[in-house]
Amino acid sequence: MGETAQRTPNDVVVEVSSLVKRYKETIALDHFNLSIRRGEVFGLLGPNGSGKTTAINCILQLLTYDKGAVRLFGEAMAPTRYDIKRRIGVVPQNLAVFEELTVRENIDYFCALYVSDKHRRRELVDEAISFVGLEGYERFRPKKLSGGLARRLNIACGIAHKPELIILDEPTVAVDPQSRNAILEGILRLNSEGSTIIYTSHYMEEVEEICSRIMIMDKGRGVANGTNAELKAMIGTGEKLRIQLVGDTGAPAFVAPLVRGGADVGADSPAEMEPAFMARIRRLPHTLRANIEGDVLEVDCAVGAHNLADVLAVLKEADVAFGRIYAEPPTLNDVFLEITGTELRD
Amino acid sequence: MNIFKAACKILLNNKMYFLMYVVFLGAIGVFVATGNTQGATSDEFVQNRADVAVIDRDGGALASGVTEAMASNATMVEVADTERSLQDAVAQGMVDCLIIVPEGYGETFVEAVRAGDEPPCVQTVASFDNMAGFEVENQLQMYLSCVAARTALSGEETAQEALSEAATAALDDMAEQTTASYAIEEGKASPLPDDFLLYNRWSVYPIVCAIGVLVTVTLAGFNRTDVRRRNLSAPVSSLSLSLGLSLASVVCMLITWVWFAGLGLVAFGGSLEGTDTWRVVLCLVDLFAYAVFALAFGFLLAQLGASVAVANSAANIVGLVLSFLGGAWIDIRLMGQTLETVGHFTPSYWHGQALVSIAQADGATWDALAPAIADMGIVFLFAAALFAVALVVGRVRLGNAGTKERASSDKSTPKEASVA
């Protein structure tokens with residue numbers, strides 16, 4: 001992939017500066033900035049309506065924008081910059097193929113929009129079919145393919161011409177886990193062969209899994225940008241302890257409010273309904289939040305702190321029996337939650 | 001070129017629609033035209049003979065004259081003069097018209113005529129199955145009027161002699177009138193065979209269906225949001241994309257037109273022998289003009305984003321309405337002034353008018369052909385108007401889609417890069 005790659009001075013493939021896009025009163029992109037370097041798998045993460053697809057459409061010049069600039073491969077992008085478009089591959093979210101054409105005809109059609117030489121195209125189509133594992137299905141019509149295979153066809157149509165920059169818009173929506181894994185592996189292979197990838201999704205696990213750099217979008221703005229580790233380092237949470245409580249703790253299944261630094265439970269909370277040990281756990285030096293969710297005690301700790309022993313000591317003193325204990329690092333959802341104050345999947 | 005090829009592949013992959021609308025309906029058109037005009041050509045006239053029974057209770061010269069007058073234009077049927085037989089004859093459709101000449105009718109007739117009164121009526125019962133019985137009643141009245149006139153002019157003393165002379169003379173009068181009316185019909189004979197004309201008129205319906213549905217189905221794939229997005233992301237201009245699709249649509253139109261034109265020439269080749277070539281060519285041009293209109297209709301459906309089911313329904317309904325208002329099934333002049341006026345606002349009407357103008361043209365001169373060319377021009381204008389409407393609809397629809405989709409799901413449709 002990326003056989004016609006040209007090195008730009010600073011190796012930046014995509015550069016978006018202060019992009020503003022309005023739909024009447026709604027601001028879809030609010031001074032949006034983006035910089036993607038060659039060879040990255042760049043994840044655009046955000047809930048539905050956060051502006052991911054609008055940003056992609058503006059980058060591809062499928063939409064006009066009110067303000068800002070888009071540069072691809074170091075050059076200003078315009079709707080008629082066919083030389084730049086030739087170096088890009090697009091995989092839309094929905095199946096964008098022709099029902100009346102076979103798998104091979106579909107890939108050949110979209111490849112032919114970029115490559116006019118027939119012989120070269122035949123090789124490329126064969127390679128694309130092989131790449132996505134659609135051998136044996138060449139003569140099938142899309143309707144005859146399973147959902148996962150149809151998704152692979154959708155991807156093959158976007159990558160057959162070996163683009164340097166591949167834009168994948170939520171390619172795993174409504175895909176079974178097996179096909180999803182195959183698609184993610186394929187994306188990593190494309191990247192290892194030299195393509196720069198822009199991957200939009202609202203599935204944080206996928207983005208964490210494959211993206212070398214991630215931008216979290218919310219309300220048309222990039223609210224955080226960095227590697228997976230950098231993003232998680234932006235927030236205070238370093239470790240999340242989960243302890244299964246056994247026996248009668250006297251704790252009703254309710255979620256306590258967000259409490260920082262071991263402060264007391266808020267005035268609205270029915271503190272008297274909580275077991276007594278919860279207040280002691282909250283007063284531990286590194287505790288950020290502590291709740292009981294069902295029969296699981298959830299304790300979020302500050303970065304660098306390891307106060308599992310302290311928490312367990314409190315439980316022992318309170319004579320609370322416990323079963324499974326595990327600790328997990330924060331997720332991108334925690335990052336999103338802490339930065340925007342809302343859940344990523346809202 | 002690649003876009004054109006892909007669109008053609010999509011078009012040709014819709015074999016079912018080709019079979020249904022082009023091949024099958026084309027064949028139906030041939031059967032309809034052949035069946036409705038069987039035995040009738042421009043050169044001969046075959047009279048439809050009604051079945052008539054005359055019950056003669058008078059036994060005089062007038063009753064014999066009535067029987068003879070009816071026999072010249074109808075097939076006489078023997079019916080017994082009993083109440084049951086007379087009822088059965090009409091009820092079971094054995095006769096189209098039953099005429100009963102009552103006893104003493106001749107004498108009463110002469111007395112009334114000589115007194116200057118209205119002559120008495122003959123009892124008749126006409127079948128409601130068709131119009132033939134009423135036509136027989138008209139002929140009977142005509143004959144009796146002739147007899148009445150002749151009787152009034154007769155110098156004979158006795159009623160029997162006067163009736164005998166008048167009845168015979170009236171028969172001659174009827175024969176002369178019949179010969180004269182045939183002569184007028186022969187003078188008006190069309191130089192284009194009726195079956196070929198009817199086939200061309202009937203093709204209005206299948207052509208709208210075939211081209212409308214096939215063009216919509218072909219363009220619909222390219223108009224889907226994500227396919228359009230993918231196409232416009234590629235290094236291909238909107239113009240070349242639109243050109244490729246337009247060419248494929250024209251191919252669809254040409255295939256359909258060639259099929260219907262070819263089928264007409266092959267099926268009615270025998271009838272067309274001896275017909276002026278320029279008349280046949282003009283008929284095909286007229287059909288072509290109508291096919292261009294159908295292309296515009298298909299384009300409009302595609303721009304409206306019609307689904308396959310909607311395209312089928314719309315094409316069939318519009319096709320049927322247009323063929324009805326165009327006079328494909330019933331002469332529009334028989335359907336009343338209102339419908340005829342409405343018909344003026346349909347291309348099918350002008351398509352039919354062009355066929356009539358071609359048939360009535362005296363020769364291949366500009367003056368003679370001007371009406372036909374004008375009619376065809378109107379059909380082309382209808383097509384141009386519909387194309388313009390389709391372009392506007394497409395523009396508005398794609399614009400709206402962009403805003404609406406953004407509001408609902410963050411999926412934006414390019415406003416400025418719509419595929420025409």
# chains A, B, ... in the order shown; residues from 1 in each chain; ligands from 1

$ residues_around --residues "Tyr109 in chain A" --least-positions-apart "5" --cutoff "9 Å" --atoms "only C-alpha atoms" --output "PyMOL selection string"
(chain A and resi 104+157) or (chain B and resi 2-3+5-6)

$ interface_residues --of "chain A" --to "chain B" --cutoff "7 Å" --atoms "only C-alpha atoms" --output "MDAnalysis selection string"
chainID A and resid 23 48:49 51 53:54 60 62:63 82 85:86 90 92 94 96:98 100:101 109 112:114

$ closest_residue --among "A:Thr340, A:Thr287, A:Ser146, A:Asn225" --to "Ser35 in chain A" --atoms "only C-alpha atoms"
A:Asn225

$ select_by_dssp --residues "range 100-287 of chain A" --states "strand (DSSP E)" --output "PyMOL selection string"
chain A and resi 165-169+196-201+213-218+221-226+237-246+287

$ residues_around --residues "Leu308 in chain A" --least-positions-apart "3" --cutoff "8 Å" --atoms "only C-alpha atoms" --output "mmCIF file with N, CA and C atoms, in the first residue's frame"
data_model
loop_
_atom_site.group_PDB
_atom_site.id
_atom_site.type_symbol
_atom_site.label_atom_id
_atom_site.label_comp_id
_atom_site.auth_asym_id
_atom_site.auth_seq_id
_atom_site.Cartn_x
_atom_site.Cartn_y
_atom_site.Cartn_z
ATOM 1 N N LEU A 241 -10.465 0.015 41.300
ATOM 2 C CA LEU A 241 -10.559 -1.234 42.057
ATOM 3 C C LEU A 241 -12.002 -1.712 42.066
ATOM 4 N N VAL A 311 -7.684 -0.303 51.309
ATOM 5 C CA VAL A 311 -9.121 -0.578 51.153
ATOM 6 C C VAL A 311 -9.467 -1.912 51.791
ATOM 7 N N LEU A 312 -8.625 -2.900 51.523
ATOM 8 C CA LEU A 312 -8.890 -4.226 52.082
ATOM 9 C C LEU A 312 -8.823 -4.188 53.619
#

$ residues_around --residues "Thr151 in chain B" --least-positions-apart "2" --cutoff "7 Å" --atoms "only C-alpha atoms" --output "PyMOL selection string"
chain B and resi 147-149+153-154+162-163+166

$ closest_residue --among "B:Thr365, B:Asn200, B:Thr75, B:Gln303" --to "Gly262 in chain B" --atoms "only C-alpha atoms"
B:Asn200

$ closest_residue --among "B:Val342, B:Met335, B:Ala328, B:Ala63" --to "Tyr199 in chain B" --atoms "only C-alpha atoms"
B:Ala328

$ residues_around --residues "Met234 in chain A" --least-positions-apart "2" --cutoff "9 Å" --atoms "only C-alpha atoms" --output "MDAnalysis selection string"
chainID A and resid 224 229:232 236:237 335 339

$ write_last_selection --atoms "C-alpha atoms" --output "mmCIF file, in the first residue's frame"
data_model
loop_
_atom_site.group_PDB
_atom_site.id
_atom_site.type_symbol
_atom_site.label_atom_id
_atom_site.label_comp_id
_atom_site.auth_asym_id
_atom_site.auth_seq_id
_atom_site.Cartn_x
_atom_site.Cartn_y
_atom_site.Cartn_z
ATOM 1 C CA ALA A 224 -8.462 15.870 23.696
ATOM 2 C CA ALA A 229 -1.628 6.524 27.314
ATOM 3 C CA GLU A 230 -1.402 10.298 26.978
ATOM 4 C CA LEU A 231 -5.167 10.653 27.025
ATOM 5 C CA LYS A 232 -5.497 8.503 30.108
ATOM 6 C CA GLY A 236 -6.692 11.931 37.604
ATOM 7 C CA THR A 237 -7.896 8.342 37.709
ATOM 8 C CA VAL A 335 -11.374 10.128 29.864
ATOM 9 C CA ILE A 339 -13.345 15.893 30.199
#

$ residues_around --residues "Gly106 in chain B" --least-positions-apart "2" --cutoff "8 Å" --atoms "only C-alpha atoms" --output "ChimeraX atom specification"
/B:58,60-63,104,108-110,160,163

$ residues_around --residues "Met20 in chain B" --least-positions-apart "3" --cutoff "12 Å" --atoms "only C-alpha atoms" --output "PyMOL selection string"
chain B and resi 14-17+23-28+206-207+209-211+213-214+312+316
